[in-house]
$ cat protein-v6.cif   # mmCIF, C-alpha atoms
data_query
#
loop_
_atom_site.label_atom_id
_atom_site.label_comp_id
_atom_site.auth_asym_id
_atom_site.auth_seq_id
_atom_site.Cartn_x
_atom_site.Cartn_y
_atom_site.Cartn_z
CA MET A 1 -4.04 8.29 -24.18
CA ASN A 2 -5.26 5.79 -26.77
CA ARG A 3 -3.24 3.12 -24.96
CA VAL A 4 -5.66 3.27 -22.01
CA SER A 5 -7.90 0.23 -22.33
CA LEU A 6 -9.65 -2.33 -20.22
CA SER A 7 -7.01 -4.93 -21.10
CA ALA A 8 -4.23 -2.61 -19.96
CA LEU A 9 -6.13 -1.95 -16.76
CA GLY A 10 -6.51 -5.69 -16.22
CA VAL A 11 -2.74 -6.19 -16.58
CA GLU A 12 -2.06 -3.48 -14.00
CA VAL A 13 -4.57 -4.94 -11.55
CA ARG A 14 -3.06 -8.44 -11.85
CA LYS A 15 0.33 -7.02 -10.88
CA LEU A 16 -1.11 -6.07 -7.51
CA GLN A 17 -1.67 -9.69 -6.42
CA GLY A 18 1.94 -10.85 -6.03
CA GLY A 19 3.49 -11.83 -2.71
CA GLY A 20 0.18 -12.29 -0.96
CA ARG A 21 -0.51 -8.59 -1.18
CA GLY A 22 -3.76 -9.08 -3.08
CA ARG A 23 -5.48 -10.59 -0.05
CA VAL A 24 -4.36 -7.70 2.16
CA LEU A 25 -5.51 -5.16 -0.43
CA LEU A 26 -8.89 -6.89 -0.62
CA ALA A 27 -9.35 -6.74 3.16
CA ILE A 28 -8.50 -3.04 3.24
CA ALA A 29 -10.82 -2.39 0.31
CA VAL A 30 -13.78 -4.23 1.87
CA GLY A 31 -13.40 -2.26 5.09
CA TRP A 32 -13.31 0.99 3.18
CA GLY A 33 -16.26 -0.07 1.05
CA ILE A 34 -18.52 -0.81 4.00
CA SER A 35 -17.44 2.39 5.80
CA VAL A 36 -18.20 4.78 2.94
CA GLY A 37 -21.16 2.73 1.72
CA ALA A 38 -22.84 2.95 5.13
CA ARG A 39 -22.11 6.66 5.34
CA MET A 40 -23.86 7.18 2.02
CA ILE A 41 -27.04 5.57 3.37
CA TYR A 42 -27.73 8.91 5.06
CA PRO A 43 -28.90 10.73 1.89
CA VAL A 44 -31.21 7.82 1.08
CA VAL A 45 -32.93 7.78 4.48
CA LEU A 46 -32.92 11.59 4.71
CA PRO A 47 -36.63 11.88 3.77
CA GLN A 48 -37.53 9.51 6.64
CA LEU A 49 -35.20 11.36 9.02
CA ARG A 50 -36.81 14.67 8.04
CA GLU A 51 -40.23 13.23 8.86
CA ALA A 52 -39.17 11.54 12.09
CA TYR A 53 -37.36 14.56 13.51
CA ALA A 54 -39.31 17.37 11.75
CA LEU A 55 -36.26 18.55 9.78
CA ASP A 56 -36.53 21.08 6.96
CA LEU A 57 -33.94 21.21 4.15
CA VAL A 58 -31.68 23.51 6.16
CA ASP A 59 -31.77 21.12 9.12
CA ALA A 60 -31.11 18.19 6.80
CA GLY A 61 -28.17 20.01 5.27
CA THR A 62 -26.83 20.75 8.75
CA LEU A 63 -27.05 17.05 9.67
CA LEU A 64 -25.06 16.12 6.56
CA THR A 65 -22.54 18.87 7.30
CA VAL A 66 -22.08 17.44 10.80
CA LEU A 67 -21.49 13.99 9.28
CA PHE A 68 -18.93 15.24 6.76
CA ALA A 69 -17.24 17.67 9.16
CA ALA A 70 -16.78 14.93 11.78
CA TYR A 71 -15.39 12.71 9.02
CA ALA A 72 -12.91 15.47 8.23
CA ILE A 73 -11.87 15.88 11.87
CA GLY A 74 -11.31 12.13 12.23
CA GLN A 75 -8.72 12.08 9.46
CA LEU A 76 -5.96 13.85 11.38
CA PRO A 77 -5.95 11.60 14.48
CA GLY A 78 -6.33 8.66 12.14
CA GLY A 79 -3.21 9.70 10.24
CA ILE A 80 -1.23 10.27 13.44
CA LEU A 81 -2.27 6.89 14.83
CA ALA A 82 -1.32 5.19 11.55
CA ASP A 83 2.18 6.63 11.91
CA ARG A 84 2.44 5.84 15.64
CA ILE A 85 0.70 2.50 16.26
CA GLY A 86 0.28 1.12 12.76
CA GLU A 87 -2.50 0.65 10.25
CA ARG A 88 -3.79 -2.69 11.57
CA ILE A 89 -4.89 -1.28 14.93
CA THR A 90 -6.10 2.00 13.45
CA LEU A 91 -8.23 0.39 10.73
CA THR A 92 -9.81 -2.12 13.10
CA MET A 93 -10.50 0.61 15.67
CA SER A 94 -12.24 2.65 12.96
CA LEU A 95 -14.63 -0.16 12.04
CA LEU A 96 -15.57 -0.92 15.65
CA LEU A 97 -16.06 2.76 16.48
CA SER A 98 -18.29 3.17 13.43
CA ALA A 99 -20.38 0.16 14.45
CA SER A 100 -20.83 1.58 17.96
CA ALA A 101 -21.90 4.94 16.53
CA LEU A 102 -24.49 3.28 14.29
CA VAL A 103 -26.00 1.60 17.36
CA SER A 104 -26.31 5.06 18.94
CA ILE A 105 -27.93 6.49 15.80
CA VAL A 106 -30.53 3.72 15.64
CA LEU A 107 -31.35 4.22 19.33
CA ALA A 108 -31.44 8.04 19.17
CA ARG A 109 -34.68 9.52 20.51
CA SER A 110 -34.03 13.24 20.04
CA ARG A 111 -32.50 15.65 17.54
CA THR A 112 -29.54 16.25 19.83
CA ALA A 113 -28.85 12.54 20.20
CA LEU A 114 -29.15 12.08 16.43
CA PHE A 115 -26.67 14.86 15.68
CA LEU A 116 -24.17 13.68 18.32
CA ALA A 117 -24.31 10.06 17.17
CA THR A 118 -23.97 11.18 13.56
CA ALA A 119 -20.84 13.12 14.48
CA LEU A 120 -19.39 10.02 16.19
CA PHE A 121 -20.09 7.92 13.10
CA GLY A 122 -18.42 10.42 10.78
CA PHE A 123 -15.42 10.60 13.13
CA GLY A 124 -15.09 6.81 13.17
CA VAL A 125 -15.15 6.52 9.38
CA GLY A 126 -12.57 9.35 9.19
CA PHE A 127 -10.11 7.18 11.13
CA TYR A 128 -10.08 4.70 8.25
CA ALA A 129 -9.40 7.18 5.47
CA ILE A 130 -5.71 7.92 6.06
CA ALA A 131 -4.61 4.56 7.46
CA ARG A 132 -5.80 2.70 4.37
CA PHE A 133 -3.75 5.07 2.18
CA THR A 134 -0.54 4.66 4.17
CA ALA A 135 -1.08 0.90 4.28
CA ILE A 136 -1.37 0.77 0.50
CA VAL A 137 1.68 2.91 -0.17
CA GLY A 138 3.69 0.56 2.06
CA LEU A 139 2.44 -2.46 0.11
CA TYR A 140 2.85 -0.89 -3.33
CA PRO A 141 5.74 1.60 -3.57
CA ARG A 142 5.30 1.11 -7.32
CA GLY A 143 1.90 1.06 -8.95
CA TYR A 144 0.47 2.89 -5.97
CA GLY A 145 -2.03 4.89 -8.04
CA THR A 146 -3.59 1.74 -9.49
CA ALA A 147 -3.73 0.08 -6.05
CA ALA A 148 -5.39 3.14 -4.57
CA GLY A 149 -7.83 3.17 -7.48
CA VAL A 150 -8.79 -0.45 -6.87
CA THR A 151 -9.35 0.34 -3.20
CA ASN A 152 -11.41 3.39 -4.10
CA SER A 153 -13.62 1.19 -6.26
CA ALA A 154 -14.76 -0.62 -3.12
CA PRO A 155 -16.69 2.42 -1.83
CA ALA A 156 -18.21 2.76 -5.29
CA ILE A 157 -19.45 -0.82 -5.04
CA GLY A 158 -20.53 -0.35 -1.42
CA GLN A 159 -22.36 2.85 -2.28
CA ALA A 160 -23.98 1.19 -5.29
CA MET A 161 -25.28 -1.69 -3.17
CA LEU A 162 -25.92 -0.45 0.37
CA PRO A 163 -28.04 2.69 -0.22
CA PRO A 164 -30.60 0.93 -2.47
CA ILE A 165 -30.86 -1.95 0.02
CA ALA A 166 -31.16 0.51 2.90
CA GLY A 167 -33.74 2.57 1.00
CA THR A 168 -35.92 -0.47 0.41
CA ILE A 169 -35.62 -1.61 4.04
CA ALA A 170 -36.37 1.92 5.27
CA VAL A 171 -39.57 2.08 3.20
CA LEU A 172 -40.70 -1.38 4.34
CA VAL A 173 -39.83 -1.43 8.04
CA GLY A 174 -38.23 1.91 9.01
CA TRP A 175 -35.07 3.93 8.61
CA GLN A 176 -33.53 2.45 11.78
CA TYR A 177 -33.35 -0.92 10.09
CA GLY A 178 -32.07 0.66 6.90
CA LEU A 179 -29.01 1.83 8.83
CA GLY A 180 -28.91 -0.91 11.45
CA PHE A 181 -28.45 -3.86 9.09
CA THR A 182 -24.85 -2.72 8.49
CA ILE A 183 -23.81 -2.98 12.16
CA PRO A 184 -22.98 -6.72 12.20
CA VAL A 185 -21.23 -6.29 8.85
CA PHE A 186 -18.88 -3.74 10.40
CA VAL A 187 -18.02 -6.14 13.22
CA LEU A 188 -17.38 -9.08 10.88
CA VAL A 189 -15.18 -7.02 8.57
CA ALA A 190 -13.21 -5.71 11.56
CA VAL A 191 -12.42 -9.27 12.64
CA ALA A 192 -11.48 -10.31 9.10
CA LEU A 193 -9.24 -7.30 8.63
CA TRP A 194 -7.46 -7.87 11.94
CA VAL A 195 -6.67 -11.46 10.99
CA THR A 196 -5.66 -10.68 7.40
CA LEU A 197 -3.26 -7.87 8.32
CA SER A 198 -1.54 -9.88 11.06
CA LYS A 199 1.20 -11.17 8.75
CA HIS A 200 1.93 -7.70 7.42
CA SER A 201 2.03 -5.86 10.74
CA THR A 202 4.93 -4.10 12.40
CA ALA A 203 5.16 -1.20 14.81
CA GLY A 204 4.52 2.29 13.52
CA THR A 205 7.58 3.74 11.83
CA GLY A 206 6.67 7.34 11.14
CA ALA A 207 8.63 10.36 12.28
CA VAL A 208 5.69 11.49 14.37
CA ASP A 209 6.62 8.90 16.99
CA THR A 210 8.67 11.71 18.48
CA PHE A 211 7.13 14.78 16.79
CA THR A 212 10.26 16.89 17.20
CA ARG A 213 10.83 20.41 15.93
CA ASP A 214 12.44 18.88 12.84
CA THR A 215 9.27 16.87 12.23
CA VAL A 216 7.16 20.01 12.39
CA ARG A 217 9.57 21.80 10.07
CA THR A 218 9.39 18.91 7.60
CA LEU A 219 5.59 18.94 7.70
CA LEU A 220 5.28 22.69 7.24
CA SER A 221 7.75 22.68 4.37
CA ALA A 222 5.85 19.92 2.59
CA LEU A 223 2.43 21.49 3.17
CA ARG A 224 3.62 24.86 1.80
CA ASP A 225 4.89 23.37 -1.44
CA PRO A 226 3.02 25.10 -4.33
CA SER A 227 2.12 21.81 -6.02
CA VAL A 228 0.68 20.47 -2.73
CA VAL A 229 -1.32 23.66 -2.22
CA MET A 230 -2.69 23.55 -5.78
CA ALA A 231 -3.61 19.85 -5.60
CA THR A 232 -5.29 20.44 -2.24
CA LEU A 233 -7.39 23.20 -3.83
CA VAL A 234 -8.44 20.75 -6.56
CA LEU A 235 -9.53 18.28 -3.89
CA VAL A 236 -11.43 20.97 -1.97
CA LEU A 237 -13.43 21.91 -5.07
CA GLY A 238 -14.08 18.27 -5.97
CA ILE A 239 -15.24 17.36 -2.47
CA PHE A 240 -17.40 20.50 -2.32
CA ILE A 241 -19.24 19.30 -5.44
CA TRP A 242 -19.41 15.66 -4.42
CA GLN A 243 -20.73 16.21 -0.89
CA ALA A 244 -23.42 18.65 -2.02
CA PHE A 245 -24.49 16.42 -4.92
CA THR A 246 -24.55 13.11 -3.06
CA GLY A 247 -26.11 14.68 0.03
CA PHE A 248 -29.22 15.84 -1.82
CA TYR A 249 -29.47 13.82 -5.03
CA PRO A 250 -32.09 11.32 -3.73
CA THR A 251 -34.09 14.18 -2.14
CA TYR A 252 -33.86 16.13 -5.41
CA LEU A 253 -35.13 13.17 -7.42
CA ILE A 254 -38.08 12.75 -5.04
CA ASP A 255 -39.00 16.43 -4.57
CA GLU A 256 -38.23 17.85 -8.03
CA LYS A 257 -38.49 14.87 -10.40
CA GLY A 258 -41.45 13.20 -8.66
CA LEU A 259 -39.81 9.79 -8.24
CA SER A 260 -40.58 7.32 -5.47
CA PRO A 261 -37.99 6.82 -2.70
CA THR A 262 -37.26 3.30 -4.01
CA VAL A 263 -36.56 4.50 -7.56
CA ALA A 264 -34.54 7.46 -6.26
CA SER A 265 -32.33 5.21 -4.13
CA ALA A 266 -31.84 2.85 -7.11
CA LEU A 267 -30.70 5.76 -9.29
CA PHE A 268 -28.41 6.87 -6.47
CA GLY A 269 -26.87 3.41 -6.46
CA LEU A 270 -26.38 3.55 -10.24
CA HIS A 271 -24.35 6.73 -9.77
CA PHE A 272 -21.83 4.85 -7.65
CA ALA A 273 -21.91 1.81 -9.92
CA GLY A 274 -20.82 4.15 -12.69
CA SER A 275 -17.85 5.28 -10.62
CA ALA A 276 -16.55 1.74 -9.90
CA LEU A 277 -14.41 1.59 -13.05
CA VAL A 278 -13.42 5.24 -12.88
CA HIS A 279 -11.22 4.91 -9.79
CA PRO A 280 -8.73 2.28 -11.07
CA LEU A 281 -8.76 3.92 -14.50
CA SER A 282 -7.90 7.28 -12.94
CA GLY A 283 -5.17 5.64 -10.86
CA MET A 284 -3.67 3.90 -13.88
CA ILE A 285 -3.62 7.15 -15.85
CA TYR A 286 -1.83 8.79 -12.94
CA ASP A 287 0.77 5.99 -12.75
CA ARG A 288 1.45 6.05 -16.50
CA TRP A 289 1.28 9.76 -17.26
CA ASN A 290 0.32 12.55 -14.90
CA VAL A 291 -2.53 13.67 -12.68
CA LYS A 292 -3.94 16.20 -15.15
CA TYR A 293 -4.65 13.55 -17.77
CA ALA A 294 -7.27 11.98 -15.48
CA PHE A 295 -9.48 15.06 -15.60
CA PRO A 296 -11.01 14.68 -19.08
CA ILE A 297 -12.97 11.87 -17.39
CA VAL A 298 -14.34 14.37 -14.87
CA ALA A 299 -15.48 16.67 -17.68
CA VAL A 300 -18.18 14.11 -18.53
CA ALA A 301 -19.73 14.60 -15.09
CA VAL A 302 -19.66 18.38 -15.50
CA VAL A 303 -21.70 18.05 -18.69
CA MET A 304 -24.17 15.76 -16.87
CA LEU A 305 -24.61 18.29 -14.07
CA LEU A 306 -25.47 20.90 -16.68
CA GLY A 307 -28.07 18.63 -18.26
CA LEU A 308 -29.66 17.27 -15.08
CA PRO A 309 -32.18 20.10 -14.49
CA PHE A 310 -33.53 19.77 -18.03
CA VAL A 311 -34.44 16.06 -18.10
CA GLY A 312 -37.30 14.28 -16.37
CA SER A 313 -37.74 10.85 -17.90
CA VAL A 314 -36.49 7.83 -15.98
CA PRO A 315 -34.37 6.48 -18.90
CA ALA A 316 -32.58 9.83 -19.21
CA LEU A 317 -32.05 10.00 -15.46
CA ILE A 318 -30.62 6.48 -15.50
CA ALA A 319 -28.05 7.49 -18.12
CA ILE A 320 -27.18 10.72 -16.31
CA SER A 321 -26.88 8.97 -12.93
CA ILE A 322 -24.42 6.44 -14.35
CA LEU A 323 -22.34 9.04 -16.21
CA LEU A 324 -22.23 11.26 -13.12
CA GLY A 325 -20.09 8.50 -11.64
CA THR A 326 -17.18 9.96 -13.63
CA LEU A 327 -17.12 12.85 -11.14
CA LEU A 328 -14.99 10.83 -8.73
CA GLY A 329 -12.22 10.56 -11.33
CA PHE A 330 -10.71 13.57 -9.57
CA GLU A 331 -10.27 11.74 -6.27
CA THR A 332 -7.90 8.84 -6.92
CA ALA A 333 -5.47 10.73 -9.15
CA THR A 334 -5.30 13.82 -6.93
CA GLU A 335 -4.97 11.89 -3.66
CA SER A 336 -2.26 9.69 -5.17
CA TYR A 337 -0.51 12.84 -6.30
CA LEU A 338 -0.58 14.31 -2.78
CA VAL A 339 0.68 11.12 -1.12
CA ASP A 340 3.59 11.02 -3.58
CA ALA A 341 4.39 14.66 -2.92
CA LEU A 342 4.68 14.21 0.88
CA PRO A 343 7.82 12.88 2.65
CA SER A 344 7.29 9.21 3.41
CA ASP A 345 8.09 9.49 7.13
CA VAL A 346 5.27 11.99 7.75
CA GLU A 347 2.87 10.99 4.98
CA GLY A 348 0.20 9.73 7.39
CA THR A 349 0.16 12.88 9.48
CA GLY A 350 0.66 15.19 6.49
CA PHE A 351 -2.05 13.57 4.42
CA GLY A 352 -4.29 13.52 7.49
CA ILE A 353 -3.87 17.29 7.85
CA LEU A 354 -4.60 17.84 4.15
CA ARG A 355 -7.68 15.64 4.09
CA THR A 356 -8.95 17.24 7.29
CA VAL A 357 -8.66 20.66 5.62
CA VAL A 358 -10.22 19.37 2.40
CA PHE A 359 -13.22 17.66 3.96
CA ALA A 360 -13.77 20.30 6.63
CA THR A 361 -13.91 22.96 3.91
CA GLY A 362 -16.05 20.81 1.64
CA SER A 363 -18.42 19.90 4.48
CA VAL A 364 -20.04 23.34 4.35
CA SER A 365 -21.53 22.56 0.94
CA PRO A 366 -24.52 20.48 2.18
CA ILE A 367 -25.78 23.18 4.55
CA LEU A 368 -25.33 25.86 1.88
CA PHE A 369 -26.98 23.62 -0.70
CA GLY A 370 -29.90 22.88 1.63
CA ALA A 371 -30.41 26.55 2.50
CA VAL A 372 -30.55 27.63 -1.15
CA ALA A 373 -32.73 24.65 -2.12
CA GLU A 374 -35.16 25.63 0.64
CA LEU A 375 -35.57 28.95 -1.22
CA GLY A 376 -36.67 27.11 -4.37
CA PHE A 377 -33.45 27.08 -6.39
CA PHE A 378 -32.83 23.33 -6.48
CA ASN A 379 -32.25 23.17 -10.26
CA GLU A 380 -29.98 26.21 -10.36
CA LEU A 381 -27.71 24.66 -7.74
CA PHE A 382 -26.66 21.88 -10.12
CA LEU A 383 -25.67 24.48 -12.70
CA LEU A 384 -23.55 26.13 -10.03
CA LEU A 385 -21.87 22.80 -9.23
CA ALA A 386 -21.05 22.41 -12.93
CA GLY A 387 -19.33 25.81 -12.81
CA VAL A 388 -17.25 24.77 -9.80
CA GLY A 389 -16.33 21.57 -11.65
CA THR A 390 -15.11 23.57 -14.64
CA LEU A 391 -12.87 25.64 -12.34
CA MET A 392 -11.51 22.45 -10.74
CA ILE A 393 -10.56 20.98 -14.12
CA ALA A 394 -8.85 24.22 -15.16
CA ILE A 395 -6.68 24.22 -12.02
CA ALA A 396 -5.86 20.50 -12.37
CA THR A 397 -4.37 21.05 -15.84
CA ARG A 398 -1.72 23.28 -14.20
CA LEU A 399 -0.41 20.63 -11.79
CA PRO A 400 3.27 19.68 -12.34
CA VAL A 401 4.51 16.08 -12.25
CA ALA A 402 4.94 14.84 -8.66
CA GLN A 403 8.20 13.30 -7.48
CA ARG A 404 7.37 9.92 -5.98
CA SER A 405 8.45 9.41 -2.38
CA SER A 406 9.80 6.05 -1.21
CA GLY A 407 7.39 3.60 0.37
CA ARG A 408 7.69 2.10 3.83
CA PRO A 409 6.65 -1.24 5.32
CA VAL A 410 2.95 -1.48 6.03
CA SER A 411 2.23 -1.72 9.73
#
$ encode --input "protein-v6.cif" --output "structure tokens"
Amino acid sequence: MNRVSLSALGVEVRKLQGGGRGRVLLAIAVGWGISVGARMIYPVVLPQLREAYALDLVDAGTLLTVLFAAYAIGQLPGGILADRIGERITLTMSLLLSASALVSIVLARSRTALFLATALFGFGVGFYAIARFTAIVGLYPRGYGTAAGVTNSAPAIGQAMLPPIAGTIAVLVGWQYGLGFTIPVFVLVAVALWVTLSKHSTAGTGAVDTFTRDTVRTLLSALRDPSVVMATLVLVLGIFIWQAFTGFYPTYLIDEKGLSPTVASALFGLHFAGSALVHPLSGMIYDRWNVKYAFPIVAVAVVMLLGLPFVGSVPALIAISILLGTLLGFETATESYLVDALPSDVEGTGFGILRTVVFATGSVSPILFGAVAELGFFNELFLLLAGVGTLMIAIATRLPVAQRSSGRPVS
């Protein structure tokens, strides 16, 4: 492991640029960055939403669960469409659907309208999740983990930038503007992505074009594989922690640590800034060794979760917020592992099913977290998350080496 260094990471990243692929990877990454970055504005504007719609912590947790559950549901049709009509159409459709949903959220005048529009937004972002993975594996049949890690750094950057900006705008002129400023960005990125992917576009080539009995048999066999089941459990636990933590971290900093909304949103952004380097590093470790060697990085975040309830100074919270970015080290390595473990002709649909299961299961954590926090156990919840993280790391160390499936042309 002592060979892992920034210079080695730089060499691996430079390999991704050959054959014009770097520009395509950048377009995919920017689209993913704006999608997840905008979704993570929700926790920042949650205090304003609670005031505007008279939401308690349970209601707020339910709203976040709706967002994450709809995101989970959107993954399966997104994966099927990626296999059937290609990534270019699917990715562009996702961005435009997300922009339309944000318009509905900004214009919502009732709780019901807010919840429905939130569900539509989560669904739209979910479309992007699988198609960007299958696009990358087609571009990079070798070095896929590093490419996925670079792409996963884009949300880290988007989440580091957009929530603090949105938080400041929300305090100054209202939460509607804090969310609404991203709408034209979605449209512009959709146009740029459509143009950039045009030279790398073919018709969908997946086996689900026909969805025969053999296709179903292939899917079921792959999804029952013990290594796939174990890796999926690792993802479930990781997403359970991440969605609960990110959903309530700004609220926790305001309610329990006494920070202003502006400072809380800045610390929230620092958390994602800390994760920007973790994704490509985790992907490189996966490419060079094995998935389990990426999890010592995650152990740093577990220690930070344990320490969070016992610190109150801003300098200490800055350090903890940044180091908590190591939590997402689980994501790139484990998702790369699952994509490699699935047959290439059904990887979009198969991975869509897995991510739907993962995020649907993990989406219950915000409502549970909010309900317990409402009872006055905010600090204790972070200790519980640290325990779940310890269990996740223990399971990850048992994962066998995945056999890499062959790539296919990106469409």
$ closest_atom_pairs --input "protein-v6.cif" --of "range 232-305 of chain A" --to "range 153-158 of chain A" --cutoff "7 Å" --atoms "all atoms listed in the file" --output "tab-separated table"
residue	atom	partner	partner_atom	distance
A:Phe272	CA	A:Ala156	CA	4.8
A:Ala273	CA	A:Ala156	CA	6.0
A:Ser275	CA	A:Ala156	CA	5.9
A:Ala276	CA	A:Ser153	CA	4.7
A:Leu277	CA	A:Ser153	CA	6.8
A:His279	CA	A:Ser153	CA	5.7
A:Pro280	CA	A:Ser153	CA	6.9
$ resolve_selection --input "protein-v6.cif" --expression "the PyMOL selection byres ((chain A and resi 118) around 12)" --output "PyMOL selection string"
chain A and resi 38-39+42+62-71+97-108+111-117+119-125+179
$ write_last_selection --input "protein-v6.cif" --atoms "C-alpha atoms" --output "PDB file, in the coordinates of the input"
ATOM      1  CA  ALA A  38     -22.840   2.950   5.130  1.00  0.00           C
ATOM      2  CA  ARG A  39     -22.110   6.660   5.340  1.00  0.00           C
ATOM      3  CA  TYR A  42     -27.730   8.910   5.060  1.00  0.00           C
ATOM      4  CA  THR A  62     -26.830  20.750   8.750  1.00  0.00           C
ATOM      5  CA  LEU A  63     -27.050  17.050   9.670  1.00  0.00           C
ATOM      6  CA  LEU A  64     -25.060  16.120   6.560  1.00  0.00           C
ATOM      7  CA  THR A  65     -22.540  18.870   7.300  1.00  0.00           C
ATOM      8  CA  VAL A  66     -22.080  17.440  10.800  1.00  0.00           C
ATOM      9  CA  LEU A  67     -21.490  13.990   9.280  1.00  0.00           C
ATOM     10  CA  PHE A  68     -18.930  15.240   6.760  1.00  0.00           C
ATOM     11  CA  ALA A  69     -17.240  17.670   9.160  1.00  0.00           C
ATOM     12  CA  ALA A  70     -16.780  14.930  11.780  1.00  0.00           C
ATOM     13  CA  TYR A  71     -15.390  12.710   9.020  1.00  0.00           C
ATOM     14  CA  LEU A  97     -16.060   2.760  16.480  1.00  0.00           C
ATOM     15  CA  SER A  98     -18.290   3.170  13.430  1.00  0.00           C
ATOM     16  CA  ALA A  99     -20.380   0.160  14.450  1.00  0.00           C
ATOM     17  CA  SER A 100     -20.830   1.580  17.960  1.00  0.00           C
ATOM     18  CA  ALA A 101     -21.900   4.940  16.530  1.00  0.00           C
ATOM     19  CA  LEU A 102     -24.490   3.280  14.290  1.00  0.00           C
ATOM     20  CA  VAL A 103     -26.000   1.600  17.360  1.00  0.00           C
ATOM     21  CA  SER A 104     -26.310   5.060  18.940  1.00  0.00           C
ATOM     22  CA  ILE A 105     -27.930   6.490  15.800  1.00  0.00           C
ATOM     23  CA  VAL A 106     -30.530   3.720  15.640  1.00  0.00           C
ATOM     24  CA  LEU A 107     -31.350   4.220  19.330  1.00  0.00           C
ATOM     25  CA  ALA A 108     -31.440   8.040  19.170  1.00  0.00           C
ATOM     26  CA  ARG A 111     -32.500  15.650  17.540  1.00  0.00           C
ATOM     27  CA  THR A 112     -29.540  16.250  19.830  1.00  0.00           C
ATOM     28  CA  ALA A 113     -28.850  12.540  20.200  1.00  0.00           C
ATOM     29  CA  LEU A 114     -29.150  12.080  16.430  1.00  0.00           C
ATOM     30  CA  PHE A 115     -26.670  14.860  15.680  1.00  0.00           C
ATOM     31  CA  LEU A 116     -24.170  13.680  18.320  1.00  0.00           C
ATOM     32  CA  ALA A 117     -24.310  10.060  17.170  1.00  0.00           C
ATOM     33  CA  ALA A 119     -20.840  13.120  14.480  1.00  0.00           C
ATOM     34  CA  LEU A 120     -19.390  10.020  16.190  1.00  0.00           C
ATOM     35  CA  PHE A 121     -20.090   7.920  13.100  1.00  0.00           C
ATOM     36  CA  GLY A 122     -18.420  10.420  10.780  1.00  0.00           C
ATOM     37  CA  PHE A 123     -15.420  10.600  13.130  1.00  0.00           C
ATOM     38  CA  GLY A 124     -15.090   6.810  13.170  1.00  0.00           C
ATOM     39  CA  VAL A 125     -15.150   6.520   9.380  1.00  0.00           C
ATOM     40  CA  LEU A 179     -29.010   1.830   8.830  1.00  0.00           C
TER      41      LEU A 179
END
$ resolve_selection --input "protein-v6.cif" --expression "the PyMOL selection byres ((chain A and resi 133) around 9)" --output "count of residues only"
15
$ residues_near_point --input "protein-v6.cif" --point "(-18.0, 20.8, -11.3)" --cutoff "6 Å" --atoms "all atoms listed in the file" --output "compact mmCIF listing (two decimals) with C-alpha atoms, in the coordinates of the input"
# COMPACT_ATOMS: atom_id res chain seq x y z
CA VAL A 302 -19.66 18.38 -15.50
CA LEU A 385 -21.87 22.80 -9.23
CA ALA A 386 -21.05 22.41 -12.93
CA GLY A 387 -19.33 25.81 -12.81
CA VAL A 388 -17.25 24.77 -9.80
CA GLY A 389 -16.33 21.57 -11.65
CA THR A 390 -15.11 23.57 -14.64
$ residues_near_point --input "protein-v6.cif" --point "(-9.5, 18.3, 4.1)" --cutoff "10 Å" --atoms "all atoms listed in the file" --output "VMD selection string"
chain A and resid 69 71 to 73 75 to 76 232 to 233 235 to 236 239 351 to 363
$ resolve_selection --input "protein-v6.cif" --expression "the PyMOL selection byres ((chain A and resi 234) around 10)" --output "PyMOL selection string"
chain A and resi 228-233+235-240+330-331+334-335+358+389+391-396+399
$ atom_distance --input "protein-v6.cif" --atom1 "CA of Val185 in chain A" --atom2 "CA of Tyr53 in chain A"
26.8 Å
$ closest_residue --input "protein-v6.cif" --among "A:Val44, A:Val298, A:Ala371, A:Leu81" --to "Ala266 in chain A" --atoms "all atoms listed in the file"
A:Val44
$ atom_distance --input "protein-v6.cif" --atom1 "CA of Phe369 in chain A" --atom2 "CA of Glu256 in chain A"
14.6 Å
$ closest_residue --input "protein-v6.cif" --among "A:Val300, A:Ala333, A:Lys257, A:Ala147" --to "Leu317 in chain A" --atoms "only C-alpha atoms"
A:Lys257
$ closest_residue --input "protein-v6.cif" --among "A:Val278, A:Ala244, A:Met93, A:Ile41" --to "Val364 in chain A" --atoms "all atoms listed in the file"
A:Ala244
$ atom_distance --input "protein-v6.cif" --atom1 "CA of Gly180 in chain A" --atom2 "CA of Val45 in chain A"
11.8 Å
$ closest_residue --input "protein-v6.cif" --among "A:Leu95, A:Ile320, A:Ile80, A:Leu26" --to "Val303 in chain A" --atoms "all atoms listed in the file"
A:Ile320
$ closest_residue --input "protein-v6.cif" --among "A:Gln48, A:Thr90, A:Asn152, A:Ser313" --to "Leu259 in chain A" --atoms "all atoms listed in the file"
A:Ser313
$ closest_residue --input "protein-v6.cif" --among "A:Leu281, A:Val187, A:Ala316, A:Val150" --to "Ile297 in chain A" --atoms "only C-alpha atoms"
A:Leu281
